[in-house]
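*Asks:* One file is attached below, coords-v9.tsv, containing TSV, C-alpha atoms.
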chain	number	residue	atom	x	y	z
A	69	MET	CA	10.09	16.47	53.22
A	70	ARG	CA	11.60	19.51	54.88
A	71	SER	CA	12.51	22.58	52.89
A	72	GLY	CA	16.15	22.32	53.99
A	73	THR	CA	16.38	18.81	52.58
A	74	LEU	CA	14.84	19.89	49.28
A	75	ILE	CA	17.23	22.83	48.96
A	76	GLY	CA	20.14	20.53	49.82
A	77	ILE	CA	19.14	18.02	47.14
A	78	PHE	CA	18.77	20.86	44.63
A	79	LEU	CA	22.29	22.11	45.50
A	80	ILE	CA	23.72	18.60	45.09
A	81	ILE	CA	22.14	18.24	41.64
A	82	LEU	CA	23.29	21.74	40.68
A	83	GLY	CA	26.85	21.01	41.86
A	84	ILE	CA	27.05	17.74	39.91
A	85	ALA	CA	25.70	19.46	36.78
A	86	ALA	CA	28.21	22.31	37.14
A	87	LEU	CA	31.08	19.83	37.45
A	88	ALA	CA	29.87	17.74	34.52
A	89	TYR	CA	29.18	20.52	32.00
A	90	GLN	CA	31.59	23.28	33.17
A	91	GLY	CA	29.66	25.93	31.24
A	92	PHE	CA	26.96	26.50	28.67
A	93	SER	CA	26.71	28.02	25.21
A	94	TYR	CA	24.02	30.01	23.48
A	95	GLN	CA	23.57	31.51	20.03
A	96	LYS	CA	23.25	35.22	19.55
A	97	GLU	CA	22.04	36.96	16.39
A	98	GLU	CA	22.89	40.60	15.82
A	99	LYS	CA	21.95	42.95	13.02
A	100	ILE	CA	24.97	44.29	11.13
A	101	LEU	CA	23.36	46.17	8.28
A	102	ASP	CA	19.85	47.54	7.77
A	103	ILE	CA	19.37	49.66	4.67
A	104	GLY	CA	15.76	49.73	3.59
A	105	PRO	CA	14.76	46.25	2.39
A	106	ILE	CA	18.36	44.98	2.66
A	107	GLU	CA	19.26	43.43	5.98
A	108	ALA	CA	22.39	41.55	7.09
A	109	THR	CA	22.70	39.63	10.34
A	110	LYS	CA	25.51	37.78	12.04
A	111	GLU	CA	25.01	34.68	14.18
A	112	SER	CA	27.64	33.96	16.83
A	113	THR	CA	28.00	31.41	19.60
A	114	GLU	CA	28.72	32.74	23.07
A	115	THR	CA	30.11	30.51	25.84
A	116	VAL	CA	29.68	31.16	29.56
A	117	PRO	CA	32.18	29.14	31.63
A	118	ILE	CA	31.27	27.86	35.11
A	119	PRO	CA	34.30	27.53	37.41
A	120	PRO	CA	34.68	24.01	38.89
A	121	ILE	CA	35.08	25.47	42.39
A	122	LEU	CA	31.49	26.74	42.15
A	123	GLY	CA	30.28	23.19	41.53
A	124	VAL	CA	32.34	21.85	44.44
A	125	VAL	CA	31.00	24.53	46.80
A	126	ALA	CA	27.39	23.80	45.77
A	127	LEU	CA	27.94	20.05	46.18
A	128	ILE	CA	29.52	20.37	49.64
A	129	GLY	CA	26.87	22.88	50.75
A	130	GLY	CA	24.08	20.57	49.60
A	131	VAL	CA	25.54	17.55	51.39
A	132	ALA	CA	26.02	19.60	54.58
A	133	LEU	CA	22.45	20.91	54.40
A	134	VAL	CA	20.95	17.45	53.88
A	135	ALA	CA	23.08	16.07	56.75
A	136	ALA	CA	22.08	18.93	59.08
A	137	THR	CA	18.36	18.55	58.40
A	138	SER	CA	18.43	14.76	58.71
A	139	ARG	CA	19.91	15.00	62.23
A	140	GLY	CA	16.91	16.95	63.41
A	141	GLY	CA	18.35	20.43	63.17
A	142	ASN	CA	16.51	23.15	61.34
A	143	PRO	CA	19.07	25.43	59.69
A	144	ILE	CA	16.38	27.16	57.63
A	145	SER	CA	13.50	28.56	59.63
Spell out the structure here as structure tokens.
*Replies:*
Amino acid sequence: MRSGTLIGIFLIILGIAALAYQGFSYQKEEKILDIGPIEATKESTETVPIPPILGVVALIGGVALVAATSRGGNPIS
């Protein structure tokens, strides 16, 4: 399989995932108080949104790349 086709398939999968999930969350723990043996921490959830247009661009770019490499062109040298 050509590298252009593999990159195109990866972009298609990435675009579909970005459209399906529209972001991801992670947990962050930060230290609030540290006085000798006494320690207090705070756990918070952070969310990183992924704009839908980014998923659409990745999907269209992946389809275009797969189509270009299947016609015999070599867009990536």
*Asks:* Would you mind listing what lies within 10 Å of Leu74 in chain A as a ChimeraX atom specification, with only C-alpha atoms counted and same-chain residues fewer than 3 positions away left out?
*Replies:* /A:69-71,77-80,130,133-134,137
*Asks:* Using only C-alpha atoms for the distances, tell me which of A:Ala88, A:Ile75, A:Leu101, A:Leu82 is nearest to Ala126 in chain A.
*Replies:*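 Between A:Ala88, A:Ile75, A:Leu101, A:Leu82, the residue approaching Ala126 in chain A most closely is A:Leu82.
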*Asks:* One decimal, in Å: what's the spacing between CA of Ile81 in chain A and CA of Ile118 in chain A?
*Replies:*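 According to the coordinates, CA of Ile81 in chain A and CA of Ile118 in chain A are separated by 14.8 Å.
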*Asks:* CA of Thr115 in chain A to CA of Tyr89 in chain A: how many Å, to one decimal?
*Replies:*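 For CA of Thr115 in chain A relative to CA of Tyr89 in chain A, the distance reads 11.8 Å.
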*Asks:* Using only C-alpha atoms, which of A:Ser112, A:Gly72, A:Ile106, A:Gly123 sits nearest Gly91 in chain A?
*Replies:*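 Closest to Gly91 in chain A of all the choices is A:Gly123.
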*Asks:* Excluding same-chain residues fewer than 2 positions from Phe92 in chain A, what lies within 7 Å of it counting all atoms listed in the file, as a PyMOL selection string?
*Replies:* chain A and resi 94+115-117
*Asks:* Any chance you can output those residues with C-alpha atoms as a PDB file, in the coordinates of the input?
*Replies:*
ATOM      1  CA  TYR A  94      24.020  30.010  23.480  1.00  0.00           C
ATOM      2  CA  THR A 115      30.110  30.510  25.840  1.00  0.00           C
ATOM      3  CA  VAL A 116      29.680  31.160  29.560  1.00  0.00           C
ATOM      4  CA  PRO A 117      32.180  29.140  31.630  1.00  0.00           C
TER       5      PRO A 117
END
*Asks:* What would range 84-109 of chain A look like with N, CA and C atoms restored, written as a compact mmCIF listing (two decimals), in the frame of the given file?
*Replies:*
# COMPACT_ATOMS: atom_id res chain seq x y z
N ILE A 84 26.65 18.82 40.83
CA ILE A 84 27.05 17.74 39.91
C ILE A 84 26.94 18.22 38.46
N ALA A 85 25.87 18.95 38.14
CA ALA A 85 25.70 19.46 36.78
C ALA A 85 26.80 20.47 36.43
N ALA A 86 27.16 21.32 37.39
CA ALA A 86 28.21 22.31 37.14
C ALA A 86 29.56 21.63 36.91
N LEU A 87 29.83 20.56 37.64
CA LEU A 87 31.08 19.83 37.45
C LEU A 87 31.08 19.05 36.14
N ALA A 88 29.94 18.55 35.74
CA ALA A 88 29.87 17.74 34.52
C ALA A 88 29.96 18.61 33.25
N TYR A 89 29.25 19.73 33.22
CA TYR A 89 29.18 20.52 32.00
C TYR A 89 30.21 21.64 31.93
N GLN A 90 30.59 22.22 33.05
CA GLN A 90 31.59 23.28 33.17
C GLN A 90 31.30 24.49 32.30
N GLY A 91 30.05 24.74 32.00
CA GLY A 91 29.66 25.93 31.24
C GLY A 91 28.52 25.63 30.29
N PHE A 92 28.02 26.68 29.65
CA PHE A 92 26.96 26.50 28.67
C PHE A 92 27.15 27.51 27.54
N SER A 93 26.60 27.17 26.39
CA SER A 93 26.71 28.02 25.21
C SER A 93 25.32 28.42 24.73
N TYR A 94 25.26 29.56 24.09
CA TYR A 94 24.02 30.01 23.48
C TYR A 94 24.35 30.76 22.20
N GLN A 95 23.38 30.83 21.30
CA GLN A 95 23.57 31.51 20.03
C GLN A 95 22.95 32.90 20.08
N LYS A 96 23.68 33.83 19.52
CA LYS A 96 23.25 35.22 19.55
C LYS A 96 23.24 35.74 18.11
N GLU A 97 22.16 36.39 17.74
CA GLU A 97 22.04 36.96 16.39
C GLU A 97 21.99 38.47 16.50
N GLU A 98 22.88 39.15 15.77
CA GLU A 98 22.89 40.60 15.82
C GLU A 98 22.80 41.17 14.41
N LYS A 99 22.14 42.30 14.32
CA LYS A 99 21.95 42.95 13.02
C LYS A 99 23.19 43.78 12.72
N ILE A 100 23.77 43.56 11.53
CA ILE A 100 24.97 44.29 11.13
C ILE A 100 24.61 45.44 10.20
N LEU A 101 23.70 45.17 9.28
CA LEU A 101 23.36 46.17 8.28
C LEU A 101 21.86 46.18 8.06
N ASP A 102 21.28 47.39 8.03
CA ASP A 102 19.85 47.54 7.77
C ASP A 102 19.63 48.78 6.93
N ILE A 103 19.58 48.56 5.61
CA ILE A 103 19.37 49.66 4.67
C ILE A 103 18.11 49.34 3.89
N GLY A 104 17.03 49.96 4.28
CA GLY A 104 15.76 49.73 3.59
C GLY A 104 15.39 48.26 3.61
N PRO A 105 15.15 47.66 2.44
CA PRO A 105 14.76 46.25 2.39
C PRO A 105 15.95 45.29 2.54
N ILE A 106 17.17 45.82 2.53
CA ILE A 106 18.36 44.98 2.66
C ILE A 106 18.75 44.89 4.13
N GLU A 107 18.92 43.66 4.57
CA GLU A 107 19.26 43.43 5.98
C GLU A 107 20.32 42.33 6.07
N ALA A 108 21.34 42.55 6.89
CA ALA A 108 22.39 41.55 7.09
C ALA A 108 22.52 41.28 8.58
N THR A 109 22.55 40.01 8.94
CA THR A 109 22.70 39.63 10.34
C THR A 109 23.89 38.70 10.49
